[in-house]
>>> print(open('my_file25.pdb').read())   # PDB, C-alpha atoms, pLDDT in the B column
ATOM      1  CA  MET G   9     -21.465  34.313  17.136  1.00 53.00           C
ATOM      2  CA  SER G  10     -17.854  33.217  17.488  1.00 56.00           C
ATOM      3  CA  THR G  11     -14.688  34.511  15.920  1.00 55.00           C
ATOM      4  CA  LEU G  12     -11.992  32.593  14.170  1.00 54.00           C
ATOM      5  CA  PHE G  13      -8.947  34.598  13.159  1.00 65.00           C
ATOM      6  CA  ALA G  14     -10.950  37.775  13.808  1.00 64.00           C
ATOM      7  CA  VAL G  15     -13.510  36.875  11.119  1.00 68.00           C
ATOM      8  CA  PRO G  16     -16.999  36.705  12.559  1.00 69.00           C
ATOM      9  CA  ILE G  17     -18.872  33.507  11.718  1.00 73.00           C
ATOM     10  CA  THR G  18     -22.306  32.399  12.759  1.00 77.00           C
ATOM     11  CA  ASP G  19     -23.088  29.255  14.677  1.00 73.00           C
ATOM     12  CA  ALA G  20     -24.664  27.799  11.522  1.00 73.00           C
ATOM     13  CA  GLU G  21     -21.417  28.315   9.630  1.00 75.00           C
ATOM     14  CA  ALA G  22     -19.436  26.668  12.431  1.00 74.00           C
ATOM     15  CA  ALA G  23     -21.833  23.707  12.421  1.00 73.00           C
ATOM     16  CA  ALA G  24     -21.515  23.365   8.642  1.00 72.00           C
ATOM     17  CA  ALA G  25     -17.723  23.365   8.915  1.00 74.00           C
ATOM     18  CA  ALA G  26     -17.846  20.711  11.635  1.00 73.00           C
ATOM     19  CA  GLY G  27     -20.206  18.609   9.515  1.00 76.00           C
ATOM     20  CA  GLY G  28     -17.868  18.880   6.545  1.00 75.00           C
ATOM     21  CA  ALA G  29     -14.917  17.819   8.663  1.00 76.00           C
ATOM     22  CA  LEU G  30     -16.875  14.854   9.987  1.00 79.00           C
ATOM     23  CA  LEU G  31     -17.855  13.814   6.463  1.00 80.00           C
ATOM     24  CA  PHE G  32     -14.219  14.075   5.347  1.00 84.00           C
ATOM     25  CA  MET G  33     -13.112  11.847   8.260  1.00 86.00           C
ATOM     26  CA  VAL G  34     -15.808   9.236   7.563  1.00 87.00           C
ATOM     27  CA  VAL G  35     -14.931   9.067   3.851  1.00 89.00           C
ATOM     28  CA  GLY G  36     -11.225   8.787   4.747  1.00 90.00           C
ATOM     29  CA  LEU G  37     -11.921   5.966   7.206  1.00 92.00           C
ATOM     30  CA  ILE G  38     -13.981   4.067   4.636  1.00 93.00           C
ATOM     31  CA  GLY G  39     -11.184   4.474   2.066  1.00 90.00           C
ATOM     32  CA  TYR G  40      -8.621   3.225   4.585  1.00 92.00           C
ATOM     33  CA  ILE G  41     -10.720   0.160   5.402  1.00 93.00           C
ATOM     34  CA  VAL G  42     -11.369  -0.680   1.728  1.00 93.00           C
ATOM     35  CA  SER G  43      -7.676  -0.441   0.830  1.00 90.00           C
ATOM     36  CA  SER G  44      -6.593  -2.344   3.935  1.00 94.00           C
ATOM     37  CA  LEU G  45      -9.022  -5.170   3.127  1.00 95.00           C
ATOM     38  CA  GLY G  46      -7.265  -5.764  -0.191  1.00 93.00           C
ATOM     39  CA  LEU G  47      -3.883  -5.754   1.521  1.00 94.00           C
ATOM     40  CA  MET G  48      -5.256  -8.112   4.191  1.00 95.00           C
ATOM     41  CA  GLY G  49      -6.219 -10.605   1.503  1.00 94.00           C
ATOM     42  CA  VAL G  50      -2.765 -10.370  -0.085  1.00 95.00           C
ATOM     43  CA  PHE G  51      -1.119 -10.953   3.296  1.00 95.00           C
ATOM     44  CA  SER G  52      -3.361 -13.940   3.989  1.00 94.00           C
ATOM     45  CA  LYS G  53      -2.464 -15.533   0.631  1.00 94.00           C
ATOM     46  CA  ALA G  54       1.214 -14.981   1.448  1.00 93.00           C
ATOM     47  CA  GLY G  55       0.884 -16.700   4.833  1.00 93.00           C
ATOM     48  CA  LYS G  56       1.192 -13.512   6.884  1.00 95.00           C
ATOM     49  CA  PRO G  57      -1.303 -12.294   9.504  1.00 95.00           C
ATOM     50  CA  GLY G  58      -4.167 -10.457   7.822  1.00 93.00           C
ATOM     51  CA  TRP G  59      -4.674  -8.027  10.719  1.00 95.00           C
ATOM     52  CA  ALA G  60      -1.243  -6.529   9.949  1.00 95.00           C
ATOM     53  CA  ALA G  61      -2.788  -4.701   6.965  1.00 95.00           C
ATOM     54  CA  PHE G  62      -4.675  -2.406   9.352  1.00 95.00           C
ATOM     55  CA  VAL G  63      -1.622  -1.271  11.364  1.00 94.00           C
ATOM     56  CA  PRO G  64      -0.064   1.731   9.607  1.00 91.00           C
ATOM     57  CA  VAL G  65       3.722   1.184   9.705  1.00 93.00           C
ATOM     58  CA  TYR G  66       3.671  -2.537  10.418  1.00 96.00           C
ATOM     59  CA  ASN G  67       1.744  -3.176   7.181  1.00 95.00           C
ATOM     60  CA  LEU G  68       4.682  -1.791   5.212  1.00 95.00           C
ATOM     61  CA  ILE G  69       7.103  -4.015   7.140  1.00 95.00           C
ATOM     62  CA  VAL G  70       4.985  -7.084   6.356  1.00 96.00           C
ATOM     63  CA  LEU G  71       4.683  -6.016   2.700  1.00 95.00           C
ATOM     64  CA  LEU G  72       8.481  -5.777   2.487  1.00 95.00           C
ATOM     65  CA  GLU G  73       8.708  -9.303   3.943  1.00 94.00           C
ATOM     66  CA  VAL G  74       6.165 -10.607   1.421  1.00 94.00           C
ATOM     67  CA  VAL G  75       8.130  -9.243  -1.543  1.00 94.00           C
ATOM     68  CA  GLY G  76      11.541 -10.139  -0.080  1.00 93.00           C
ATOM     69  CA  ARG G  77      12.983  -6.671   0.492  1.00 94.00           C
ATOM     70  CA  PRO G  78      15.011  -5.884   3.640  1.00 94.00           C
ATOM     71  CA  ILE G  79      13.410  -3.946   6.485  1.00 94.00           C
ATOM     72  CA  TRP G  80      15.823  -1.018   6.060  1.00 95.00           C
ATOM     73  CA  TRP G  81      13.821  -0.123   2.934  1.00 94.00           C
ATOM     74  CA  LEU G  82      11.454   1.649   5.348  1.00 94.00           C
ATOM     75  CA  VAL G  83      13.964   4.506   5.270  1.00 95.00           C
ATOM     76  CA  LEU G  84      13.523   4.823   1.503  1.00 95.00           C
ATOM     77  CA  PHE G  85       9.820   5.488   2.003  1.00 94.00           C
ATOM     78  CA  LEU G  86      10.677   8.509   4.170  1.00 93.00           C
ATOM     79  CA  VAL G  87      12.761  10.270   1.509  1.00 95.00           C
ATOM     80  CA  PRO G  88      10.701  12.452  -0.852  1.00 94.00           C
ATOM     81  CA  GLY G  89      11.094  11.382  -4.465  1.00 94.00           C
ATOM     82  CA  VAL G  90      12.917   8.196  -3.536  1.00 95.00           C
ATOM     83  CA  ASN G  91       9.688   6.870  -2.016  1.00 95.00           C
ATOM     84  CA  VAL G  92       8.012   6.951  -5.450  1.00 95.00           C
ATOM     85  CA  ILE G  93      10.761   4.802  -6.977  1.00 95.00           C
ATOM     86  CA  ALA G  94      10.757   2.454  -3.954  1.00 95.00           C
ATOM     87  CA  THR G  95       6.977   2.061  -4.249  1.00 95.00           C
ATOM     88  CA  ILE G  96       7.226   1.144  -7.929  1.00 95.00           C
ATOM     89  CA  ILE G  97       9.947  -1.429  -7.163  1.00 95.00           C
ATOM     90  CA  VAL G  98       7.920  -2.956  -4.298  1.00 95.00           C
ATOM     91  CA  MET G  99       4.787  -3.113  -6.466  1.00 95.00           C
ATOM     92  CA  ASN G 100       6.801  -4.808  -9.220  1.00 95.00           C
ATOM     93  CA  ASP G 101       8.110  -7.332  -6.686  1.00 95.00           C
ATOM     94  CA  LEU G 102       4.567  -7.897  -5.396  1.00 95.00           C
ATOM     95  CA  SER G 103       3.345  -8.496  -8.933  1.00 94.00           C
ATOM     96  CA  LYS G 104       6.138 -11.004  -9.599  1.00 93.00           C
ATOM     97  CA  SER G 105       5.582 -12.674  -6.226  1.00 93.00           C
ATOM     98  CA  PHE G 106       2.106 -13.590  -7.435  1.00 93.00           C
ATOM     99  CA  GLY G 107       3.266 -14.652 -10.896  1.00 91.00           C
ATOM    100  CA  HIS G 108       2.264 -11.545 -12.848  1.00 92.00           C
ATOM    101  CA  GLU G 109       4.223  -9.438 -15.323  1.00 91.00           C
ATOM    102  CA  ALA G 110       4.928  -5.736 -15.901  1.00 91.00           C
ATOM    103  CA  GLY G 111       1.377  -4.935 -17.007  1.00 93.00           C
ATOM    104  CA  PHE G 112       0.035  -5.940 -13.619  1.00 94.00           C
ATOM    105  CA  THR G 113       2.733  -3.794 -12.001  1.00 94.00           C
ATOM    106  CA  VAL G 114       1.405  -0.768 -13.889  1.00 95.00           C
ATOM    107  CA  GLY G 115      -2.051  -1.576 -12.541  1.00 94.00           C
ATOM    108  CA  LEU G 116      -0.727  -1.887  -8.993  1.00 94.00           C
ATOM    109  CA  VAL G 117       1.007   1.483  -9.261  1.00 94.00           C
ATOM    110  CA  LEU G 118      -1.876   3.393 -10.858  1.00 95.00           C
ATOM    111  CA  LEU G 119      -4.907   1.644  -9.303  1.00 94.00           C
ATOM    112  CA  THR G 120      -3.435   0.113  -6.163  1.00 93.00           C
ATOM    113  CA  VAL G 121      -6.690  -0.613  -4.332  1.00 93.00           C
ATOM    114  CA  VAL G 122      -8.354  -2.268  -7.334  1.00 94.00           C
ATOM    115  CA  PHE G 123      -5.361  -4.463  -8.155  1.00 95.00           C
ATOM    116  CA  LEU G 124      -4.840  -5.465  -4.509  1.00 94.00           C
ATOM    117  CA  TRP G 125      -8.437  -6.688  -4.525  1.00 94.00           C
ATOM    118  CA  ILE G 126      -7.745  -8.554  -7.778  1.00 94.00           C
ATOM    119  CA  LEU G 127      -4.762 -10.255  -6.135  1.00 92.00           C
ATOM    120  CA  TRP G 128      -6.885 -11.083  -3.106  1.00 93.00           C
ATOM    121  CA  LEU G 129     -10.068 -12.306  -4.773  1.00 93.00           C
ATOM    122  CA  GLY G 130      -8.610 -13.569  -8.053  1.00 91.00           C
ATOM    123  CA  SER G 131      -6.962 -16.870  -8.812  1.00 91.00           C
ATOM    124  CA  SER G 132      -3.427 -15.566  -8.204  1.00 90.00           C
ATOM    125  CA  THR G 133      -1.279 -17.667  -5.898  1.00 91.00           C
ATOM    126  CA  TYR G 134       1.698 -16.541  -3.873  1.00 92.00           C
ATOM    127  CA  ARG G 135       4.911 -17.992  -5.310  1.00 90.00           C
ATOM    128  CA  GLY G 136       7.391 -16.630  -2.791  1.00 87.00           C
ATOM    129  CA  PRO G 137       9.248 -13.354  -2.444  1.00 89.00           C
ATOM    130  CA  ALA G 138      10.259 -12.185  -5.912  1.00 82.00           C
ATOM    131  CA  ALA G 139      13.121  -9.977  -4.699  1.00 73.00           C
ATOM    132  CA  LEU G 140      14.927 -13.030  -3.296  1.00 75.00           C
ATOM    133  CA  THR G 141      14.782 -15.108  -6.467  1.00 74.00           C
ATOM    134  CA  PRO G 142      17.854 -14.814  -8.689  1.00 70.00           C
ATOM    135  CA  SER G 143      17.312 -13.336 -12.121  1.00 62.00           C
ATOM    136  CA  ALA G 144      17.388 -15.594 -15.164  1.00 49.00           C
ATOM    137  CA  PRO G 145      20.820 -16.442 -16.565  1.00 49.00           C
ATOM    138  CA  GLY G 146      21.886 -14.058 -19.279  1.00 47.00           C
ATOM    139  CA  ALA G 147      19.439 -11.398 -18.099  1.00 49.00           C
ATOM    140  CA  ALA G 148      22.233  -9.180 -16.821  1.00 47.00           C
ATOM    141  CA  TYR G 149      25.197  -7.921 -18.764  1.00 45.00           C
ATOM    142  CA  ALA G 150      28.101 -10.272 -18.170  1.00 46.00           C
ATOM    143  CA  GLY G 151      30.655  -8.061 -19.948  1.00 44.00           C
TER     144      GLY G 151
END
>>> encode(input="my_file25.pdb", output="structure tokens")
Amino acid sequence: MSTLFAVPITDAEAAAAAGGALLFMVVGLIGYIVSSLGLMGVFSKAGKPGWAAFVPVYNLIVLLEVVGRPIWWLVLFLVPGVNVIATIIVMNDLSKSFGHEAGFTVGLVLLTVVFLWILWLGSSTYRGPAALTPSAPGAAYAG
């Protein structure tokens, strides 16, 4: 019998806790691989190295390059609250970079993994970084 925080637990309870932790790690790893595969396909279609999707911070840098946002946007992802807005903007740029509209952006925000796989395996083609393309004339107020 061992003690954890002065609460006696049996060896069977400790083994069950370790098994639960292992299961949680395996499920997390599978989720990470599945989501990174979709991002890998998007990077490959955009002419970027696919392996970059599996490297935690570098994948965000490559994603910013794909959509045409500057690298300093990494800072925005570190600020609570601001990171949600920055994510929506980047997903909108990703959607436009592949020729899709606002509806696809909603899908990317709410079901990111599914819509990344749709971008990867679907007929979408990369059209260049959307954030770098000028908006249509008359789209902004010219007051």
>>> atom_distance(input="my_file25.pdb", atom1="CA of Val90 (chain G)", atom2="CA of Glu109 (chain G)")
22.9 Å
>>> residues_around(input="my_file25.pdb", residues="Leu127 (chain G)", least_positions_apart="6", cutoff="9 Å", atoms="only C-alpha atoms", output="JSON, numbers by chain")
{"G": [46, 47, 49, 50, 53, 103, 106, 133]}
>>> resolve_selection(input="my_file25.pdb", expression="the PyMOL selection byres ((chain G and resi 59) around 12)", output="PyMOL selection string")
chain G and resi 41+44-52+55-58+60-64+66-67+70
>>> write_last_selection(input="my_file25.pdb", atoms="C-alpha atoms", output="compact mmCIF listing (two decimals), in the frame of the given file")
# COMPACT_ATOMS: atom_id res chain seq x y z
CA ILE G 41 -10.72 0.16 5.40
CA SER G 44 -6.59 -2.34 3.94
CA LEU G 45 -9.02 -5.17 3.13
CA GLY G 46 -7.26 -5.76 -0.19
CA LEU G 47 -3.88 -5.75 1.52
CA MET G 48 -5.26 -8.11 4.19
CA GLY G 49 -6.22 -10.60 1.50
CA VAL G 50 -2.76 -10.37 -0.08
CA PHE G 51 -1.12 -10.95 3.30
CA SER G 52 -3.36 -13.94 3.99
CA GLY G 55 0.88 -16.70 4.83
CA LYS G 56 1.19 -13.51 6.88
CA PRO G 57 -1.30 -12.29 9.50
CA GLY G 58 -4.17 -10.46 7.82
CA ALA G 60 -1.24 -6.53 9.95
CA ALA G 61 -2.79 -4.70 6.96
CA PHE G 62 -4.68 -2.41 9.35
CA VAL G 63 -1.62 -1.27 11.36
CA PRO G 64 -0.06 1.73 9.61
CA TYR G 66 3.67 -2.54 10.42
CA ASN G 67 1.74 -3.18 7.18
CA VAL G 70 4.99 -7.08 6.36
>>> residues_near_point(input="my_file25.pdb", point="(-1.8, -0.4, -10.1)", cutoff="12 Å", atoms="only C-alpha atoms", output="list in words")
Thr95, Ile96, Val98, Met99, Asn100, Leu102, Ser103, Ala110, Gly111, Phe112, Thr113, Val114, Gly115, Leu116, Val117, Leu118, Leu119, Thr120, Val121, Val122, Phe123, Leu124, Trp125, Ile126 and Leu127 of chain G
>>> atom_distance(input="my_file25.pdb", atom1="CA of Val87 (chain G)", atom2="CA of Leu68 (chain G)")
15.0 Å
>>> atom_distance(input="my_file25.pdb", atom1="CA of Gly107 (chain G)", atom2="CA of Ser43 (chain G)")
21.4 Å
>>> closest_residue(input="my_file25.pdb", among="G:Leu140, G:Asp101, G:Ile93, G:Leu86", to="Leu71 (chain G)", atoms="all atoms listed in the file")
G:Asp101
>>> closest_residue(input="my_file25.pdb", among="G:Ala94, G:Ala54, G:Ala29, G:Ala23", to="Val74 (chain G)", atoms="all atoms listed in the file")
G:Ala54
>>> axis_aligned_box(input="my_file25.pdb", around="region 59-70 of chain G", padding_each_side="3 Å", output="AutoDock Vina command-line options")
--center_x 1.2 --center_y -3.1 --center_z 8.3 --size_x 17.8 --size_y 15.8 --size_z 12.2
